[in-house]
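Enquirer: Let me give you the structure first, and then I'll get to my questions.
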There are 2 protein chains.
Amino acid sequence: MAPRITALHAHDLRFPTSDGRHGSDAMNPDPDYSAAVAILETDDGDLAGHGMTFTIGRGNEICVAAIRAFERHLVGRDLDDLEADMGAFWRSLAGDSQLRWLGPEKGVIHLAMAAVANAAWDLLARRTDQPLWKYLSDLEPKAIVRAVDFRHISDVLPPEAALDLLEARRDGRAAREAQLLRDGYPAYVTSAGWLGYDDDAIRRLCRAAIADGWMHFKIKVGADLRDDVRRCRIVREEIGPDRKLMVDANQVWDVDEAIRHIEALSEFDLWWVEEPTSPDDVLGHARIASAVRPIRIATGEHCHNRIMVKQLLQANATAVLQIDGCRLGGVNEVIAAILLAAKFDVPVCPHAGGVGLCQHVQHFSVFDYIAVSGSLENRITEYAEHLHEHFVASIEMKAGRYVLPTAPGIGVEFKAASLAEFAYPDGPVWRNR
Amino acid sequence: MAPRITALHAHDLRFPTSDGRHGSDAMNPDPDYSAAVAILETDDGDLAGHGMTFTIGRGNEICVAAIRAFERHLVGRDLDDLEADMGAFWRSLAGDSQLRWLGPEKGVIHLAMAAVANAAWDLLARRTDQPLWKYLSDLEPKAIVRAVDFRHISDVLPPEAALDLLEARRDGRAAREAQLLRDGYPAYVTSAGWLGYDDDAIRRLCRAAIADGWMHFKIKVGADLRDDVRRCRIVREEIGPDRKLMVDANQVWDVDEAIRHIEALSEFDLWWVEEPTSPDDVLGHARIASAVRPIRIATGEHCHNRIMVKQLLQANATAVLQIDGCRLGGVNEVIAAILLAAKFDVPVCPHAGGVGLCQHVQHFSVFDYIAVSGSLENRITEYAEHLHEHFVASIEMKAGRYVLPTAPGIGVEFKAASLAEFAYPDGPVWRNR
């Protein structure tokens, strides 16, 4: 008998990161990094699945309520049945005949679905004692295709084309895995450049990051052009001409404004400009990308589903696809995004500034390299330093690279002490504020 | 002293409409029409503002939680201050530095914001004893522009262009108002064509609607092509060649499939085809629209914000813009959509299949005609018959037209008895199921 899911538990966990202006940017001045947590219990005593979605504070309780709304689709499910058709499972969540209205496939209901779907993937990987990247990379191409919902993307990527793409990469999977196990997966650091940090802090953090072997640096821009110029100059001075500098505007510009501001920053040899305008504006991104070429536009952290991914790629709106493991509806849709990007030969460089996001994206980037793109060219995954200590499994970095995780599952199980201490609103950290 | 908002109350109200398959379509087989209700109390005893968002059952509690999350932006506000800058008020909701992450500007948080923002507009209109359409139509063009958030749409419609557009329509407002007061605003009926109805029911409902003076009929398609052909034939037989027939696929087709199916239905002289594919797929809609011309594509009921409206219009993706008064973030964003449509000379034909949606859109269409487009050509507003009896203000139709409402405000105040009886999960209707 396969284990069966017996309960879904949801938790509201918040960290008071706004105290130190960690994570501050032009659109999000005071985030309290938070997680709406989904835990799937099974009738196999030791086995539980852990998923989460990331928010920045207020409203995390809304995602918790949305996680609970999926309970009927989880409890009673048998893991063999789940594993036999993860695509059907995903469609049962995304296609719930009443919940679907709340998106469809976007916003709170989709964020919550990511937590729930990923908790199920966590269960499947844990059951085999493998980290998610290994579980996914070892799947047969047919099983990978079966996990994806091709609805509304089949005009650009029919299932047969996805299968061909995966079959073409079948050779070399073992060699690429061995390479990553030896070298790690390349990363970049955002920790130096949050908008709330003063100039001295930026210099100090740049030097520390260089000492740690980082080669790519990203800073936040968009609040004030003169500040942006000054901060870019500081970082470029510190990192020298050979290391890469990226900037992130976090959606604050309108289309024409974005073009003007990017031109004003072009002297700093930007490797990419991230989220120049509304994440929904495919046509706006396309216009900006065309106007500022050869500077590359990057977006995707707020890209809410595979249909938007499809259009960003169709329209040449982004040169870098920055998927988010909680904004998309979980592993199934992340795979869809990675396949779409491969089809258009656009590098996937996942977003990870938040709590628990590094944990997710390390698996996705490794899977992308081993099983889908087979390339590391222009690929680099975000890394942010905060709050890793609250997870049971650790994250290890070496010389600016993710060391491949070995713990079974996705690795977003919170320590029991953290779940208690940072519980909102009744945990000690919040009760006493 | 102006009245001040003293409390925000939220209610979860659900009607068991799935019992009769009212509202059933290819994507939504079993909707329980529901409302997440926001009521703003003031310190002026009699004055309260009523807003709501529409859902189809499960998950309505998530919208209720999201309405509550906006409390801090409402309670304590003074109505004179609100009225002096409704744009700033709207931006304080849409731009909440932590809640914004949950959208941005889409899904649950945006649905809830519509309820809250509209409750505030309801207060302002009630205070002047005017129905919303009259309150809006009498605003100075400058005040209308001030209520709109032009962020991320200024590349296509800067505020100055919106002001020019409104100023150009200033003459003739009184004449257009008099005309609508005399004739009503043209409507069409969806009640005959829900997918769950059998052929006899469709014939019977068509005949009844013809007897009531209706000239435009819409039916649901998309579950099975042979059924669609049969049902279109029945309706066309019943309504004759001169009355208009529209079909609504509720997003079920992929892009190429949509083109094939629409071609197969072209013999029935379709006035428009609604929601052929994913509401997020601007480029897909554009491809379908171009392939099936002269049949017109209509979409917008799930278009989640002004940035998507902008792109649908930029891409020639829709010939008819079907705004939803609860999906967009309230009156402010509805005005943005109406202005954008006017700029592209695309008719606005609002969506109203649900509970409380007719109540909203009658105001928007009337405002559109009097103050923005000045045209009735190809304009027609949806009407659905269900559940009007639960509202304090009645809706009056005459010969297929909305009679202009006279009750102050938006008219979505539920009767106290309905609020009690259909409260979920503790009202008598649900407790006993």
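Just remember, in the structure tokens the first chain shown is A, the second B, etc., residues are 1-based per chain, and ligands are 1-based in the order shown.
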What's the 8 Å shell around Leu157 of chain B, counting only C-alpha atoms, without same-chain residues fewer than 6 positions away, as a VMD selection string?

Expert: chain B and resid 150 340 343

Enquirer: Distance limit 7 Å, atoms considered: only C-alpha atoms. Which chain A residues sit that close to chain B? Return them as a PDB file with C-alpha atoms, in the first residue's frame.

Expert:
```pdb
ATOM      1  CA  ASN A  28       8.625  47.341  -1.807  1.00  0.00           C
ATOM      2  CA  PRO A  29      10.110  49.635   0.835  1.00  0.00           C
ATOM      3  CA  ASP A  30       9.354  47.601   3.952  1.00  0.00           C
ATOM      4  CA  PRO A  31       8.962  43.863   3.340  1.00  0.00           C
ATOM      5  CA  THR A  55       4.874  36.947   0.574  1.00  0.00           C
ATOM      6  CA  ILE A  56       6.196  40.142   2.104  1.00  0.00           C
ATOM      7  CA  GLY A  57       3.980  40.416   5.163  1.00  0.00           C
ATOM      8  CA  ARG A  58       0.441  41.735   5.317  1.00  0.00           C
ATOM      9  CA  GLY A  59      -1.888  39.455   3.435  1.00  0.00           C
ATOM     10  CA  ILE A  62      -4.997  35.422   2.808  1.00  0.00           C
ATOM     11  CA  ALA A  65      -6.791  30.762   3.760  1.00  0.00           C
ATOM     12  CA  ALA A  66      -6.235  29.894   0.099  1.00  0.00           C
ATOM     13  CA  ALA A  69      -9.222  25.895   0.283  1.00  0.00           C
ATOM     14  CA  SER A  97     -14.503  24.641 -10.897  1.00  0.00           C
ATOM     15  CA  GLN A  98     -15.149  27.364  -8.319  1.00  0.00           C
ATOM     16  CA  LEU A  99     -11.676  28.406  -7.090  1.00  0.00           C
ATOM     17  CA  TRP A 101     -12.694  32.162 -10.783  1.00  0.00           C
ATOM     18  CA  LEU A 102     -10.360  33.776  -8.225  1.00  0.00           C
ATOM     19  CA  GLY A 103      -7.505  33.820 -10.736  1.00  0.00           C
ATOM     20  CA  LYS A 106      -2.869  34.156 -10.933  1.00  0.00           C
ATOM     21  CA  GLY A 107      -2.567  36.066  -7.680  1.00  0.00           C
ATOM     22  CA  VAL A 108      -3.351  34.609  -4.266  1.00  0.00           C
ATOM     23  CA  ARG A 151      -3.508  24.166 -22.080  1.00  0.00           C
ATOM     24  CA  HIS A 152      -3.205  27.622 -23.634  1.00  0.00           C
ATOM     25  CA  SER A 154       0.039  24.391 -27.194  1.00  0.00           C
ATOM     26  CA  ASP A 155       0.022  26.928 -30.056  1.00  0.00           C
ATOM     27  CA  ASP A 254       6.376  53.578 -17.191  1.00  0.00           C
ATOM     28  CA  VAL A 255       7.472  52.443 -20.636  1.00  0.00           C
ATOM     29  CA  ASP A 256       8.956  55.692 -21.968  1.00  0.00           C
ATOM     30  CA  SER A 278       4.650  46.388 -15.012  1.00  0.00           C
ATOM     31  CA  ASP A 280       1.921  42.298 -17.008  1.00  0.00           C
ATOM     32  CA  ASP A 281       3.105  44.523 -19.821  1.00  0.00           C
ATOM     33  CA  LEU A 283       4.146  44.735 -25.237  1.00  0.00           C
ATOM     34  CA  ILE A 307       0.626  31.916 -20.641  1.00  0.00           C
ATOM     35  CA  MET A 308       2.462  35.096 -19.714  1.00  0.00           C
ATOM     36  CA  GLN A 311       3.977  35.765 -24.580  1.00  0.00           C
TER      37      GLN A 311
END
```

Enquirer: Quick one: residues within 8 Å of segment 265-276 of chain B, only C-alpha atoms counted, chain neighbours fewer than 3 positions away excluded, as a PyMOL selection string?

Expert: chain B and resi 228-229+232-233+236+244-255+258+261-262+279+285+295-300

Enquirer: Go through segment 180-328 of chain A and collect every residue that DSSP, computed from the backbone, puts in alpha helix (DSSP H); the answer should be as a count of residues only.

Expert: 62

Enquirer: Work out how far apart atom CA of Ala119 of chain A and atom CA of Met52 of chain A are and give it in Å to one decimal.

Expert: 7.6 Å

Enquirer: Counting only C-alpha atoms, what is within 10 Å of Glu333 of chain A, bar same-chain residues fewer than 6 positions away, as a ChimeraX atom specification?

Expert: /A:87,90,114,117,147-150,305-306,323,325,327,339

Enquirer: Could you write those residues out with C-alpha atoms, as a PDB file, in the first residue's frame?

Expert:
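Resulting contents of again27.pdb:
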```pdb
ATOM      1  CA  GLY A  87      -0.392  16.604 -14.620  1.00  0.00           C
ATOM      2  CA  TRP A  90      -2.110  19.837 -11.072  1.00  0.00           C
ATOM      3  CA  ALA A 114       2.298  26.568  -5.607  1.00  0.00           C
ATOM      4  CA  ALA A 117       1.542  21.425  -5.424  1.00  0.00           C
ATOM      5  CA  ALA A 147       3.383  16.627 -15.492  1.00  0.00           C
ATOM      6  CA  VAL A 148       2.879  19.775 -17.570  1.00  0.00           C
ATOM      7  CA  ASP A 149      -0.436  21.440 -18.422  1.00  0.00           C
ATOM      8  CA  PHE A 150      -0.135  22.448 -22.073  1.00  0.00           C
ATOM      9  CA  ASN A 305       1.678  31.827 -15.271  1.00  0.00           C
ATOM     10  CA  ARG A 306       2.871  29.890 -18.321  1.00  0.00           C
ATOM     11  CA  ILE A 323      10.978  32.390 -12.950  1.00  0.00           C
ATOM     12  CA  GLY A 325       9.143  28.964  -7.740  1.00  0.00           C
ATOM     13  CA  ARG A 327       4.647  32.766  -8.181  1.00  0.00           C
ATOM     14  CA  LEU A 339      10.550  24.135 -21.631  1.00  0.00           C
TER      15      LEU A 339
END
```

Enquirer: For atom CA of Leu225 of chain B and atom CA of Asp324 of chain B, quote the distance in Å rounded to one decimal.

Expert: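 One can read the atom CA of Leu225 of chain B to atom CA of Asp324 of chain B distance as 27.6 Å.
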
Enquirer: Under the rule that only C-alpha atoms are counted, which of A:Thr318, A:Ser290, A:Ser34, A:Gln362 is the nearest residue to Glu396 of chain A?

Expert: A:Gln362

Enquirer: Can you list, as a list in words, every residue of segment 275-421 of chain A that DSSP puts in strand (DSSP E or B)?

Expert: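 Secondary structure check on segment 275-421 of chain A, strand (DSSP E or B): Ile297, Ala298, Thr299, Val320, Leu321, Val348, Thr381, Glu382, Tyr383, Phe391, Met397, Lys398, Arg401, Tyr402, Gly409 and Phe414 of chain A.
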
Enquirer: Which value, in Å to one decimal, gives the distance between atom CA of Cys349 of chain A and atom CA of Asp12 of chain A?

Expert: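 Going from atom CA of Cys349 of chain A over to atom CA of Asp12 of chain A covers 28.5 Å.
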
Enquirer: Residues within 12 Å of Leu404 of chain B, please, as an MDAnalysis selection string. Count only C-alpha atoms; anything in the same chain fewer than 5 positions from it doesn't count.

Expert: chainID B and resid 130:134 177:187 358:367 394:398 410:411

Enquirer: Please list as number ranges by chain every residue within 8 Å of His11 of chain B, counting only C-alpha atoms and excluding residues in the same chain fewer than 6 positions away.

Expert: B: 35-38, 64, 419, 423

Enquirer: Skip segment 158-171 of chain A itself and residues of its chain fewer than 5 positions away, then list as a PDB file with N, CA and C atoms, in the first residue's frame all residues within 7 Å of it, counting only C-alpha atoms.

Expert:
```
ATOM      1  N   PRO A 141      11.514  11.432 -20.058  1.00  0.00           N
ATOM      2  CA  PRO A 141      10.920  12.575 -20.774  1.00  0.00           C
ATOM      3  C   PRO A 141       9.392  12.512 -20.830  1.00  0.00           C
ATOM      4  N   LYS A 142       8.843  11.336 -21.062  1.00  0.00           N
ATOM      5  CA  LYS A 142       7.375  11.226 -21.104  1.00  0.00           C
ATOM      6  C   LYS A 142       6.725  11.616 -19.785  1.00  0.00           C
ATOM      7  N   VAL A 145       6.774  15.414 -19.466  1.00  0.00           N
ATOM      8  CA  VAL A 145       5.729  16.021 -20.311  1.00  0.00           C
ATOM      9  C   VAL A 145       4.351  15.812 -19.686  1.00  0.00           C
ATOM     10  N   PHE A 150      -0.405  21.740 -20.823  1.00  0.00           N
ATOM     11  CA  PHE A 150      -0.135  22.448 -22.073  1.00  0.00           C
ATOM     12  C   PHE A 150      -1.309  23.322 -22.508  1.00  0.00           C
ATOM     13  N   LEU A 339      10.677  24.694 -20.272  1.00  0.00           N
ATOM     14  CA  LEU A 339      10.550  24.135 -21.631  1.00  0.00           C
ATOM     15  C   LEU A 339      10.298  25.243 -22.652  1.00  0.00           C
ATOM     16  N   ALA A 371      18.526  18.368 -17.736  1.00  0.00           N
ATOM     17  CA  ALA A 371      17.505  17.682 -18.544  1.00  0.00           C
ATOM     18  C   ALA A 371      16.925  18.500 -19.689  1.00  0.00           C
ATOM     19  N   VAL A 372      17.062  19.828 -19.661  1.00  0.00           N
ATOM     20  CA  VAL A 372      16.347  20.636 -20.656  1.00  0.00           C
ATOM     21  C   VAL A 372      17.282  21.464 -21.534  1.00  0.00           C
ATOM     22  N   GLY A 374      20.671  22.077 -21.196  1.00  0.00           N
ATOM     23  CA  GLY A 374      22.018  21.559 -21.422  1.00  0.00           C
ATOM     24  C   GLY A 374      23.074  22.644 -21.559  1.00  0.00           C
TER      25      GLY A 374
END
```

Enquirer: Would you mind telling me which residue in A:Arg14, A:Arg243, A:Lys218, A:Arg77 lies nearest to Arg431 of chain A when using only C-alpha atoms?

Expert: A:Arg14
